[in-house]
file input_20.cif (mmCIF, C-alpha atoms)
data_my_file
#
loop_
_atom_site.group_PDB
_atom_site.id
_atom_site.type_symbol
_atom_site.label_atom_id
_atom_site.label_comp_id
_atom_site.auth_asym_id
_atom_site.auth_seq_id
_atom_site.Cartn_x
_atom_site.Cartn_y
_atom_site.Cartn_z
ATOM 1 C CA MET A 1 1.848 -123.393 8.870
ATOM 2 C CA GLU A 2 3.937 -123.385 12.050
ATOM 3 C CA GLU A 3 6.944 -124.811 10.235
ATOM 4 C CA LYS A 4 6.798 -122.022 7.656
ATOM 5 C CA ASN A 5 6.673 -119.250 10.323
ATOM 6 C CA HIS A 6 9.327 -120.712 12.579
ATOM 7 C CA PRO A 7 12.381 -119.211 10.785
ATOM 8 C CA PHE A 8 10.767 -115.769 10.819
ATOM 9 C CA TRP A 9 10.184 -115.725 14.573
ATOM 10 C CA ARG A 10 13.658 -117.028 15.181
ATOM 11 C CA LYS A 11 15.013 -114.162 13.147
ATOM 12 C CA ILE A 12 12.958 -111.677 15.188
ATOM 13 C CA LEU A 13 14.239 -113.152 18.438
ATOM 14 C CA ASN A 14 17.823 -112.919 17.252
ATOM 15 C CA LEU A 15 17.424 -109.213 16.416
ATOM 16 C CA ARG A 16 15.854 -108.516 19.815
ATOM 17 C CA THR A 17 18.693 -110.301 21.557
ATOM 18 C CA ILE A 18 21.257 -108.299 19.628
ATOM 19 C CA GLY A 19 19.458 -105.064 20.536
ATOM 20 C CA ILE A 20 19.393 -105.958 24.205
ATOM 21 C CA LEU A 21 23.057 -106.839 24.148
ATOM 22 C CA PHE A 22 23.821 -103.548 22.418
ATOM 23 C CA LEU A 23 21.912 -101.568 25.036
ATOM 24 C CA VAL A 24 23.682 -103.439 27.811
ATOM 25 C CA LEU A 25 27.023 -102.673 26.213
ATOM 26 C CA VAL A 26 26.175 -98.980 25.831
ATOM 27 C CA GLY A 27 24.972 -98.824 29.431
ATOM 28 C CA PHE A 28 28.142 -100.459 30.647
ATOM 29 C CA MET A 29 30.307 -97.999 28.740
ATOM 30 C CA PHE A 30 28.286 -95.085 30.144
ATOM 31 C CA PHE A 31 28.739 -96.473 33.654
ATOM 32 C CA VAL A 32 32.503 -96.780 33.144
ATOM 33 C CA LEU A 33 32.735 -93.195 31.898
ATOM 34 C CA LEU A 34 30.596 -91.950 34.792
ATOM 35 C CA MET A 35 32.827 -93.705 37.301
ATOM 36 C CA ASP A 36 36.002 -92.508 35.627
ATOM 37 C CA TYR A 37 35.141 -88.840 35.176
ATOM 38 C CA VAL A 38 32.597 -88.079 37.909
ATOM 39 C CA ILE A 39 32.255 -90.503 40.771
ATOM 40 C CA MET A 40 35.881 -91.493 41.292
ATOM 41 C CA PRO A 41 37.309 -87.929 41.105
ATOM 42 C CA TRP A 42 34.684 -86.770 43.601
ATOM 43 C CA TYR A 43 35.347 -89.739 45.869
ATOM 44 C CA THR A 44 39.122 -89.409 45.840
ATOM 45 C CA LYS A 45 39.008 -85.647 46.597
ATOM 46 C CA HIS A 46 36.396 -85.920 49.316
ATOM 47 C CA GLY A 47 38.030 -85.014 52.662
ATOM 48 C CA GLN A 48 41.348 -84.090 51.026
ATOM 49 C CA SER A 49 43.274 -81.106 52.499
ATOM 50 C CA MET A 50 44.455 -78.286 50.251
ATOM 51 C CA GLU A 51 47.005 -75.516 50.765
ATOM 52 C CA LEU A 52 45.406 -72.121 51.280
ATOM 53 C CA PRO A 53 46.923 -69.408 49.043
ATOM 54 C CA ASP A 54 48.255 -66.131 50.452
ATOM 55 C CA VAL A 55 46.012 -63.214 49.465
ATOM 56 C CA THR A 56 47.310 -60.629 51.953
ATOM 57 C CA ASP A 57 48.448 -57.302 50.458
ATOM 58 C CA LYS A 58 46.368 -58.009 47.345
ATOM 59 C CA PRO A 59 43.385 -55.952 46.132
ATOM 60 C CA VAL A 60 40.215 -57.416 47.593
ATOM 61 C CA ASP A 61 38.724 -58.283 44.173
ATOM 62 C CA GLU A 62 41.869 -60.127 43.133
ATOM 63 C CA GLY A 63 42.064 -61.954 46.459
ATOM 64 C CA ILE A 64 38.444 -63.094 46.237
ATOM 65 C CA THR A 65 39.012 -64.386 42.698
ATOM 66 C CA ILE A 66 42.096 -66.357 43.769
ATOM 67 C CA LEU A 67 40.229 -67.967 46.656
ATOM 68 C CA GLU A 68 37.173 -68.843 44.582
ATOM 69 C CA GLU A 69 39.278 -70.365 41.814
ATOM 70 C CA GLY A 70 41.078 -72.412 44.462
ATOM 71 C CA GLY A 71 37.817 -73.897 45.658
ATOM 72 C CA PHE A 72 37.367 -71.775 48.782
ATOM 73 C CA GLU A 73 34.597 -69.467 49.962
ATOM 74 C CA PRO A 74 35.892 -65.947 50.750
ATOM 75 C CA VAL A 75 33.997 -63.866 53.319
ATOM 76 C CA ILE A 76 34.790 -60.193 54.065
ATOM 77 C CA GLN A 77 34.791 -60.128 57.855
ATOM 78 C CA ASP A 78 35.655 -56.475 58.498
ATOM 79 C CA SER A 79 37.072 -53.242 57.070
ATOM 80 C CA VAL A 80 39.482 -51.308 59.295
ATOM 81 C CA TYR A 81 41.880 -48.345 59.240
ATOM 82 C CA ASP A 82 45.482 -49.314 58.593
ATOM 83 C CA GLU A 83 48.511 -47.106 57.895
ATOM 84 C CA GLN A 84 50.596 -49.833 56.244
ATOM 85 C CA PHE A 85 48.076 -51.032 53.649
ATOM 86 C CA ALA A 86 46.473 -48.976 50.893
ATOM 87 C CA PRO A 87 42.671 -48.753 50.821
ATOM 88 C CA GLY A 88 41.033 -51.851 49.343
ATOM 89 C CA LYS A 89 43.892 -54.235 50.121
ATOM 90 C CA ILE A 90 43.600 -57.368 52.225
ATOM 91 C CA ILE A 91 45.520 -57.009 55.486
ATOM 92 C CA GLN A 92 44.621 -60.309 57.148
ATOM 93 C CA GLN A 93 43.092 -63.690 56.363
ATOM 94 C CA ASN A 94 41.837 -66.515 58.546
ATOM 95 C CA PRO A 95 42.907 -69.343 58.287
ATOM 96 C CA LEU A 96 46.461 -68.151 57.780
ATOM 97 C CA PRO A 97 48.194 -68.375 54.388
ATOM 98 C CA TYR A 98 49.552 -71.806 53.406
ATOM 99 C CA SER A 99 47.394 -73.583 55.985
ATOM 100 C CA MET A 100 46.142 -77.047 54.980
ATOM 101 C CA VAL A 101 42.344 -76.854 54.862
ATOM 102 C CA LYS A 102 39.432 -78.705 53.263
ATOM 103 C CA GLU A 103 38.107 -77.673 49.883
ATOM 104 C CA GLY A 104 35.159 -75.321 50.182
ATOM 105 C CA ARG A 105 36.418 -73.913 53.496
ATOM 106 C CA ARG A 106 35.319 -70.379 54.337
ATOM 107 C CA VAL A 107 38.206 -67.909 54.392
ATOM 108 C CA TYR A 108 37.594 -64.720 56.390
ATOM 109 C CA ILE A 109 39.429 -61.625 55.169
ATOM 110 C CA ILE A 110 39.916 -58.144 56.652
ATOM 111 C CA VAL A 111 40.213 -55.238 54.221
ATOM 112 C CA SER A 112 42.030 -51.923 54.730
ATOM 113 C CA ILE A 113 40.152 -48.648 54.314
ATOM 114 C CA GLY A 114 43.404 -46.689 54.447
ATOM 115 C CA GLU A 115 44.968 -44.406 57.001
ATOM 116 C CA LYS A 116 42.796 -43.041 59.778
ATOM 117 C CA PRO A 117 41.962 -39.354 59.239
ATOM 118 C CA ARG A 118 44.048 -36.925 61.297
ATOM 119 C CA TYR A 119 42.775 -33.629 62.605
ATOM 120 C CA MET A 120 44.684 -30.623 63.844
ATOM 121 C CA PRO A 121 44.462 -30.413 67.660
ATOM 122 C CA GLN A 122 43.712 -27.239 69.589
ATOM 123 C CA LEU A 123 47.036 -25.877 70.871
ATOM 124 C CA ILE A 124 46.129 -22.380 72.008
ATOM 125 C CA GLY A 125 46.490 -22.020 75.762
ATOM 126 C CA LEU A 126 48.940 -24.926 76.086
ATOM 127 C CA THR A 127 52.609 -24.736 76.957
ATOM 128 C CA PRO A 128 55.014 -25.376 74.051
ATOM 129 C CA GLN A 129 55.889 -28.764 75.572
ATOM 130 C CA ASP A 130 52.243 -29.843 75.801
ATOM 131 C CA ALA A 131 51.592 -28.525 72.297
ATOM 132 C CA GLU A 132 54.450 -30.588 70.881
ATOM 133 C CA PHE A 133 53.128 -33.679 72.686
ATOM 134 C CA ARG A 134 49.649 -33.159 71.194
ATOM 135 C CA LEU A 135 51.153 -32.817 67.729
ATOM 136 C CA LYS A 136 53.132 -36.041 68.095
ATOM 137 C CA GLU A 137 49.966 -37.864 69.148
ATOM 138 C CA GLN A 138 48.475 -36.983 65.759
ATOM 139 C CA GLY A 139 51.644 -37.821 63.835
ATOM 140 C CA LEU A 140 52.447 -34.144 63.225
ATOM 141 C CA THR A 141 55.727 -32.262 63.615
ATOM 142 C CA LEU A 142 56.447 -29.041 65.480
ATOM 143 C CA ASN A 143 58.329 -26.842 63.020
ATOM 144 C CA GLN A 144 59.054 -23.268 64.159
ATOM 145 C CA VAL A 145 58.277 -21.466 67.403
ATOM 146 C CA PHE A 146 57.698 -17.716 67.291
ATOM 147 C CA TYR A 147 57.298 -15.314 70.207
ATOM 148 C CA GLU A 148 55.056 -12.285 70.578
ATOM 149 C CA PHE A 149 53.847 -10.030 73.352
ATOM 150 C CA SER A 150 50.255 -10.507 74.406
ATOM 151 C CA ASP A 151 47.992 -8.498 76.686
ATOM 152 C CA PHE A 152 45.584 -11.419 77.007
ATOM 153 C CA TYR A 153 47.690 -14.588 77.332
ATOM 154 C CA PRO A 154 50.253 -15.072 80.100
ATOM 155 C CA ARG A 155 53.884 -15.630 79.311
ATOM 156 C CA GLY A 156 54.830 -19.093 78.069
ATOM 157 C CA VAL A 157 51.570 -20.309 76.481
ATOM 158 C CA VAL A 158 50.673 -20.814 72.830
ATOM 159 C CA ILE A 159 48.659 -17.932 71.398
ATOM 160 C CA ASN A 160 48.555 -18.920 67.726
ATOM 161 C CA GLN A 161 48.973 -21.980 65.492
ATOM 162 C CA SER A 162 49.646 -22.113 61.753
ATOM 163 C CA LEU A 163 46.808 -24.589 61.097
ATOM 164 C CA PRO A 164 43.325 -24.131 62.568
ATOM 165 C CA ALA A 165 42.017 -26.687 65.038
ATOM 166 C CA ALA A 166 39.855 -29.544 63.663
ATOM 167 C CA GLU A 167 41.256 -29.159 60.134
ATOM 168 C CA GLU A 168 42.118 -32.478 58.467
ATOM 169 C CA VAL A 169 45.878 -32.846 58.088
ATOM 170 C CA GLU A 170 48.387 -35.291 56.656
ATOM 171 C CA ARG A 171 50.859 -37.414 58.551
ATOM 172 C CA ASN A 172 54.171 -35.646 59.413
ATOM 173 C CA GLN A 173 52.751 -32.264 58.408
ATOM 174 C CA LYS A 174 54.733 -29.392 59.951
ATOM 175 C CA VAL A 175 53.064 -26.913 62.285
ATOM 176 C CA ASN A 176 54.299 -23.529 63.533
ATOM 177 C CA ILE A 177 53.218 -22.027 66.842
ATOM 178 C CA THR A 178 53.486 -18.603 68.453
ATOM 179 C CA VAL A 179 54.182 -18.343 72.186
ATOM 180 C CA SER A 180 53.271 -15.407 74.403
ATOM 181 C CA LEU A 181 55.995 -13.245 75.947
ATOM 182 C CA GLY A 182 53.442 -11.699 78.261
ATOM 183 C CA GLN A 183 52.693 -7.995 78.252
ATOM 184 C CA ALA A 184 55.048 -5.763 76.301
ATOM 185 C CA PRO A 185 57.552 -3.821 78.436
ATOM 186 C CA THR A 186 56.733 -0.168 79.030
ATOM 187 C CA SER A 187 60.370 0.963 78.772
ATOM 188 C CA GLN A 188 62.780 0.544 75.891
ATOM 189 C CA GLU A 189 65.878 0.148 78.030
ATOM 190 C CA ILE A 190 68.394 -2.671 77.836
ATOM 191 C CA PRO A 191 67.552 -5.149 80.630
ATOM 192 C CA ASN A 192 70.041 -6.788 82.949
ATOM 193 C CA LEU A 193 70.757 -10.133 81.301
ATOM 194 C CA VAL A 194 73.455 -11.405 83.667
ATOM 195 C CA GLY A 195 72.345 -14.585 85.419
ATOM 196 C CA LYS A 196 69.610 -15.326 82.914
ATOM 197 C CA SER A 197 69.649 -18.164 80.403
ATOM 198 C CA LEU A 198 70.815 -17.522 76.864
ATOM 199 C CA GLU A 199 67.370 -18.422 75.523
ATOM 200 C CA THR A 200 65.655 -15.909 77.808
ATOM 201 C CA ALA A 201 68.175 -13.202 76.944
ATOM 202 C CA GLU A 202 67.684 -13.739 73.221
ATOM 203 C CA LYS A 203 63.906 -13.471 73.591
ATOM 204 C CA GLU A 204 64.120 -10.261 75.611
ATOM 205 C CA LEU A 205 66.506 -8.647 73.154
ATOM 206 C CA GLU A 206 64.371 -9.782 70.232
ATOM 207 C CA SER A 207 61.341 -8.122 71.805
ATOM 208 C CA LEU A 208 63.308 -4.856 71.941
ATOM 209 C CA GLY A 209 64.503 -5.190 68.373
ATOM 210 C CA VAL A 210 68.132 -5.540 69.463
ATOM 211 C CA PRO A 211 70.045 -8.353 67.761
ATOM 212 C CA VAL A 212 72.495 -10.564 69.604
ATOM 213 C CA GLY A 213 76.021 -10.040 68.360
ATOM 214 C CA ARG A 214 78.941 -12.300 69.153
ATOM 215 C CA ILE A 215 78.453 -15.089 71.687
ATOM 216 C CA ARG A 216 81.535 -16.384 73.490
ATOM 217 C CA TYR A 217 81.735 -19.155 76.063
ATOM 218 C CA SER A 218 83.631 -19.339 79.347
ATOM 219 C CA TYR A 219 84.276 -22.502 81.354
ATOM 220 C CA ARG A 220 82.251 -22.230 84.573
ATOM 221 C CA PRO A 221 81.571 -25.769 85.894
ATOM 222 C CA LYS A 222 79.691 -24.494 88.966
ATOM 223 C CA LEU A 223 77.081 -22.663 86.895
ATOM 224 C CA VAL A 224 74.236 -23.981 84.796
ATOM 225 C CA PRO A 225 75.457 -24.157 81.185
ATOM 226 C CA GLY A 226 74.075 -21.330 79.081
ATOM 227 C CA THR A 227 74.017 -18.726 81.880
ATOM 228 C CA ILE A 228 74.808 -15.145 80.842
ATOM 229 C CA LEU A 229 78.047 -13.948 82.500
ATOM 230 C CA HIS A 230 78.505 -10.618 80.795
ATOM 231 C CA GLN A 231 76.777 -8.285 78.336
ATOM 232 C CA SER A 232 78.634 -5.747 76.235
ATOM 233 C CA VAL A 233 75.980 -3.038 76.734
ATOM 234 C CA ALA A 234 75.104 -2.192 80.306
ATOM 235 C CA ALA A 235 71.557 -2.485 81.602
ATOM 236 C CA GLY A 236 69.556 0.739 81.524
ATOM 237 C CA LYS A 237 70.955 2.071 78.272
ATOM 238 C CA SER A 238 68.583 2.960 75.455
ATOM 239 C CA ALA A 239 67.662 0.049 73.218
ATOM 240 C CA VAL A 240 67.043 2.429 70.316
ATOM 241 C CA GLN A 241 70.696 3.492 70.315
ATOM 242 C CA THR A 242 72.018 -0.080 70.589
ATOM 243 C CA ASN A 243 73.007 -1.848 67.374
ATOM 244 C CA SER A 244 73.781 -5.237 68.954
ATOM 245 C CA ILE A 245 74.887 -6.816 72.220
ATOM 246 C CA ASP A 246 77.734 -9.294 72.624
ATOM 247 C CA LEU A 247 77.339 -11.941 75.299
ATOM 248 C CA ILE A 248 79.619 -14.211 77.307
ATOM 249 C CA VAL A 249 77.922 -17.437 78.350
ATOM 250 C CA SER A 250 78.918 -20.196 80.780
ATOM 251 C CA THR A 251 79.747 -23.712 79.622
ATOM 252 C CA ASP A 252 80.607 -26.938 81.440
ATOM 253 C CA GLU A 253 83.007 -28.078 78.728
ATOM 254 C CA PRO A 254 86.628 -27.339 79.693
ATOM 255 C CA PRO A 255 88.839 -25.624 77.107
ATOM 256 C CA PRO A 256 91.776 -27.447 75.484
ATOM 257 C CA GLU A 257 94.782 -28.019 77.758
ATOM 258 C CA GLU A 258 96.947 -25.396 76.094
ATOM 259 C CA ASN A 259 94.260 -22.731 76.539
ATOM 260 C CA ARG A 260 93.093 -23.700 80.000
ATOM 261 C CA GLU A 261 94.858 -20.819 81.740
ATOM 262 C CA ASP A 262 93.503 -18.287 79.272
ATOM 263 C CA SER A 263 90.305 -16.635 80.321
ATOM 264 C CA LEU A 264 87.706 -15.533 77.829
ATOM 265 C CA MET A 265 86.578 -13.051 80.403
ATOM 266 C CA GLU A 266 89.952 -11.296 80.456
ATOM 267 C CA ASN A 267 89.302 -7.990 82.197
ATOM 268 C CA MET A 268 85.531 -8.093 81.586
ATOM 269 C CA GLU A 269 84.626 -10.035 84.736
ATOM 270 C CA ASN A 270 83.090 -7.820 87.352
ATOM 271 C CA GLU A 271 80.634 -7.824 90.165
ATOM 272 C CA ASN A 272 77.789 -8.627 87.759
ATOM 273 C CA GLU A 273 78.940 -12.233 87.397
ATOM 274 C CA PRO A 274 76.411 -14.516 89.181
ATOM 275 C CA GLU A 275 77.617 -16.501 92.156
#
call {"tool": "encode", "arguments": {"input": "input_20.cif", "output": "structure tokens"}}
result
Amino acid sequence: MEEKNHPFWRKILNLRTIGILFLVLVGFMFFVLLMDYVIMPWYTKHGQSMELPDVTDKPVDEGITILEEGGFEPVIQDSVYDEQFAPGKIIQQNPLPYSMVKEGRRVYIIVSIGEKPRYMPQLIGLTPQDAEFRLKEQGLTLNQVFYEFSDFYPRGVVINQSLPAAEEVERNQKVNITVSLGQAPTSQEIPNLVGKSLETAEKELESLGVPVGRIRYSYRPKLVPGTILHQSVAAGKSAVQTNSIDLIVSTDEPPPEENREDSLMENMENENEPE
């Protein structure tokens, strides 16, 4: 009985051995694949430094995508005003671009929210110089200066501005101001302009509605340049009957050599010339 069953059991044992060998072979192949595609790549990259891409001046969504695809962890650290970068663009990253860092490193980014809002300053009551300084502080430009008489504001201060205070404005926007000439004169007579500056004379004549005619210059090195030496219409005459007034003004620039002995004053110099 045992001799008859012996070949059968031997056959069973051979099949079991083959199965075990097959399983061992499959397990070995699985181990090789696991080492080749999982363990070894992870082991060789562990601790390896990578170059950090530059994401500055890129939209924040695009920058985050680039960092994540590169194996880094982007973190928005702050959002600040910036005139050079459009809203939503990355203006700074830490670590710096092209730094060698470990994979998975956190990268802190700062995002622009655009240009800081600008508001029109209050200029009324200031001198023109102070008003211009305030405008420059806000990135604005002083355009034209007008002059008017005022019973309330003293001479030389701003009484009006073309844009109301606290209004939001754009960079380099132009602003006009009006400056007080003080109280209006009670008489309409031509004033004595000799000895005054050209700017002052023009303002006084403008207030009377009398235009300045021809302006000529005479070399007077001892006088402040721009000083009125002579007026074609004498002081005290009616402004209503005066069409225009010609002026002779001092200058510190000598005339050409061939004309140096010629005098622009000719016979018009008189006792009204300032000393």
call {"tool": "closest_residue", "arguments": {"input": "input_20.cif", "among": "A:Val169, A:Met100, A:Ile215, A:Ala235", "to": "A:Glu51", "atoms": "all atoms listed in the file"}}
result
A:Met100
call {"tool": "resolve_selection", "arguments": {"input": "input_20.cif", "expression": "the PyMOL selection byres ((chain A and resi 223-231) around 6)", "output": "PyMOL selection string"}}
result
chain A and resi 194-198+220-222+232-233+246-252+273
call {"tool": "resolve_selection", "arguments": {"input": "input_20.cif", "expression": "the PyMOL selection byres ((chain A and resi 98) around 9)", "output": "PyMOL selection string"}}
result
chain A and resi 50-54+95-97+99-101
call {"tool": "atom_distance", "arguments": {"input": "input_20.cif", "atom1": "atom CA of A:Ser180", "atom2": "atom CA of A:Thr242"}}
result
24.5 Å
call {"tool": "atom_distance", "arguments": {"input": "input_20.cif", "atom1": "atom CA of A:Lys203", "atom2": "atom CA of A:Gln144"}}
result
14.4 Å
call {"tool": "closest_residue", "arguments": {"input": "input_20.cif", "among": "A:Pro154, A:Pro59, A:Phe146, A:Gln93", "to": "A:Ile113", "atoms": "only C-alpha atoms"}}
result
A:Pro59
call {"tool": "closest_residue", "arguments": {"input": "input_20.cif", "among": "A:Asn160, A:Thr17, A:Ser244, A:Gln48", "to": "A:Thr127", "atoms": "only C-alpha atoms"}}
result
A:Asn160
call {"tool": "residues_near_point", "arguments": {"input": "input_20.cif", "point": "(49.7, -21.1, 72.4)", "cutoff": "8 Å", "atoms": "all atoms listed in the file", "output": "VMD selection string"}}
result
chain A and resid 123 to 128 131 156 to 161 177 to 180
call {"tool": "resolve_selection", "arguments": {"input": "input_20.cif", "expression": "the PyMOL selection byres ((chain A and resi 80) around 6)", "output": "list in words"}}
result
Ser79, Tyr81, Ser112 and Ile113 of chain A
call {"tool": "closest_residue", "arguments": {"input": "input_20.cif", "among": "A:Pro121, A:Asn176, A:Leu23, A:Pro191", "to": "A:Phe133", "atoms": "all atoms listed in the file"}}
result
A:Pro121
call {"tool": "atom_distance", "arguments": {"input": "input_20.cif", "atom1": "atom CA of A:Ile90", "atom2": "atom CA of A:Gln173"}}
result
27.4 Å
call {"tool": "closest_residue", "arguments": {"input": "input_20.cif", "among": "A:Gly114, A:Leu135, A:Leu33, A:Ser207", "to": "A:Ser150", "atoms": "only C-alpha atoms"}}
result
A:Ser207
call {"tool": "axis_aligned_box", "arguments": {"input": "input_20.cif", "around": "stretch 97-112 of chain A", "padding_each_side": "3 Å", "output": "JSON"}}
result
{"center_x": 42.4, "center_y": -65.3, "center_z": 53.3, "size_x": 20.4, "size_y": 32.8, "size_z": 12.8}
call {"tool": "closest_residue", "arguments": {"input": "input_20.cif", "among": "A:Gln188, A:Ile109, A:Asp82, A:Val24", "to": "A:Asn94", "atoms": "all atoms listed in the file"}}
result
A:Ile109
call {"tool": "residues_around", "arguments": {"input": "input_20.cif", "residues": "A:Tyr108", "least_positions_apart": "6", "cutoff": "9 Å", "atoms": "all atoms listed in the file", "output": "PyMOL selection string"}}
result
chain A and resi 73-78+92-95
call {"tool": "write_last_selection", "arguments": {"input": "input_20.cif", "atoms": "C-alpha atoms", "output": "mmCIF file, in the frame of the given file"}}
result
data_model
loop_
_atom_site.group_PDB
_atom_site.id
_atom_site.type_symbol
_atom_site.label_atom_id
_atom_site.label_comp_id
_atom_site.auth_asym_id
_atom_site.auth_seq_id
_atom_site.Cartn_x
_atom_site.Cartn_y
_atom_site.Cartn_z
ATOM 1 C CA GLU A 73 34.597 -69.467 49.962
ATOM 2 C CA PRO A 74 35.892 -65.947 50.750
ATOM 3 C CA VAL A 75 33.997 -63.866 53.319
ATOM 4 C CA ILE A 76 34.790 -60.193 54.065
ATOM 5 C CA GLN A 77 34.791 -60.128 57.855
ATOM 6 C CA ASP A 78 35.655 -56.475 58.498
ATOM 7 C CA GLN A 92 44.621 -60.309 57.148
ATOM 8 C CA GLN A 93 43.092 -63.690 56.363
ATOM 9 C CA ASN A 94 41.837 -66.515 58.546
ATOM 10 C CA PRO A 95 42.907 -69.343 58.287
#
call {"tool": "decode", "arguments": {"input": "input_20.cif", "residues": "stretch 71-87 of chain A", "atoms": "N, CA, C and O atoms", "output": "PDB file, in the first residue's frame"}}
result
ATOM      1  N   GLY A  71       8.838  71.381  -6.104  1.00  0.00           N
ATOM      2  CA  GLY A  71       9.042  70.651  -4.860  1.00  0.00           C
ATOM      3  C   GLY A  71       9.228  71.534  -3.646  1.00  0.00           C
ATOM      4  O   GLY A  71       9.760  71.077  -2.627  1.00  0.00           O
ATOM      5  N   PHE A  72       8.771  72.785  -3.723  1.00  0.00           N
ATOM      6  CA  PHE A  72       8.916  73.708  -2.599  1.00  0.00           C
ATOM      7  C   PHE A  72       7.541  74.058  -2.026  1.00  0.00           C
ATOM      8  O   PHE A  72       6.508  73.800  -2.649  1.00  0.00           O
ATOM      9  N   GLU A  73       7.551  74.668  -0.856  1.00  0.00           N
ATOM     10  CA  GLU A  73       6.308  75.029  -0.182  1.00  0.00           C
ATOM     11  C   GLU A  73       6.197  76.552  -0.105  1.00  0.00           C
ATOM     12  O   GLU A  73       6.809  77.181   0.756  1.00  0.00           O
ATOM     13  N   PRO A  74       5.422  77.180  -1.002  1.00  0.00           N
ATOM     14  CA  PRO A  74       5.299  78.638  -0.982  1.00  0.00           C
ATOM     15  C   PRO A  74       4.401  79.115   0.158  1.00  0.00           C
ATOM     16  O   PRO A  74       3.377  78.500   0.457  1.00  0.00           O
ATOM     17  N   VAL A  75       4.805  80.228   0.783  1.00  0.00           N
ATOM     18  CA  VAL A  75       4.033  80.827   1.870  1.00  0.00           C
ATOM     19  C   VAL A  75       3.964  82.333   1.620  1.00  0.00           C
ATOM     20  O   VAL A  75       5.003  82.992   1.489  1.00  0.00           O
ATOM     21  N   ILE A  76       2.750  82.890   1.523  1.00  0.00           N
ATOM     22  CA  ILE A  76       2.595  84.342   1.359  1.00  0.00           C
ATOM     23  C   ILE A  76       2.844  85.000   2.709  1.00  0.00           C
ATOM     24  O   ILE A  76       2.052  84.860   3.637  1.00  0.00           O
ATOM     25  N   GLN A  77       3.945  85.719   2.807  1.00  0.00           N
ATOM     26  CA  GLN A  77       4.345  86.324   4.076  1.00  0.00           C
ATOM     27  C   GLN A  77       3.660  87.657   4.328  1.00  0.00           C
ATOM     28  O   GLN A  77       3.276  87.972   5.454  1.00  0.00           O
ATOM     29  N   ASP A  78       3.488  88.466   3.254  1.00  0.00           N
ATOM     30  CA  ASP A  78       2.917  89.797   3.446  1.00  0.00           C
ATOM     31  C   ASP A  78       2.439  90.346   2.109  1.00  0.00           C
ATOM     32  O   ASP A  78       2.837  89.867   1.041  1.00  0.00           O
ATOM     33  N   SER A  79       1.571  91.356   2.184  1.00  0.00           N
ATOM     34  CA  SER A  79       1.116  92.103   1.008  1.00  0.00           C
ATOM     35  C   SER A  79       1.337  93.577   1.303  1.00  0.00           C
ATOM     36  O   SER A  79       0.853  94.085   2.324  1.00  0.00           O
ATOM     37  N   VAL A  80       2.069  94.268   0.423  1.00  0.00           N
ATOM     38  CA  VAL A  80       2.468  95.649   0.701  1.00  0.00           C
ATOM     39  C   VAL A  80       2.231  96.521  -0.523  1.00  0.00           C
ATOM     40  O   VAL A  80       2.107  96.036  -1.648  1.00  0.00           O
ATOM     41  N   TYR A  81       2.175  97.866  -0.279  1.00  0.00           N
ATOM     42  CA  TYR A  81       2.097  98.822  -1.380  1.00  0.00           C
ATOM     43  C   TYR A  81       3.446  98.889  -2.086  1.00  0.00           C
ATOM     44  O   TYR A  81       4.502  98.860  -1.446  1.00  0.00           O
ATOM     45  N   ASP A  82       3.406  98.987  -3.401  1.00  0.00           N
ATOM     46  CA  ASP A  82       4.644  99.122  -4.165  1.00  0.00           C
ATOM     47  C   ASP A  82       4.329  99.795  -5.495  1.00  0.00           C
ATOM     48  O   ASP A  82       3.424  99.372  -6.216  1.00  0.00           O
ATOM     49  N   GLU A  83       5.086 100.864  -5.817  1.00  0.00           N
ATOM     50  CA  GLU A  83       4.832 101.627  -7.034  1.00  0.00           C
ATOM     51  C   GLU A  83       5.389 100.945  -8.281  1.00  0.00           C
ATOM     52  O   GLU A  83       4.938 101.207  -9.387  1.00  0.00           O
ATOM     53  N   GLN A  84       6.377 100.068  -8.114  1.00  0.00           N
ATOM     54  CA  GLN A  84       7.051  99.480  -9.266  1.00  0.00           C
ATOM     55  C   GLN A  84       6.404  98.180  -9.739  1.00  0.00           C
ATOM     56  O   GLN A  84       6.649  97.751 -10.865  1.00  0.00           O
ATOM     57  N   PHE A  85       5.605  97.544  -8.889  1.00  0.00           N
ATOM     58  CA  PHE A  85       4.997  96.270  -9.251  1.00  0.00           C
ATOM     59  C   PHE A  85       3.476  96.402  -9.282  1.00  0.00           C
ATOM     60  O   PHE A  85       2.884  97.014  -8.393  1.00  0.00           O
ATOM     61  N   ALA A  86       2.873  95.811 -10.299  1.00  0.00           N
ATOM     62  CA  ALA A  86       1.416  95.836 -10.424  1.00  0.00           C
ATOM     63  C   ALA A  86       0.787  95.008  -9.307  1.00  0.00           C
ATOM     64  O   ALA A  86       1.422  94.107  -8.754  1.00  0.00           O
ATOM     65  N   PRO A  87      -0.464  95.300  -8.964  1.00  0.00           N
ATOM     66  CA  PRO A  87      -1.131  94.518  -7.917  1.00  0.00           C
ATOM     67  C   PRO A  87      -1.151  93.029  -8.262  1.00  0.00           C
ATOM     68  O   PRO A  87      -1.400  92.639  -9.400  1.00  0.00           O
TER      69      PRO A  87
END
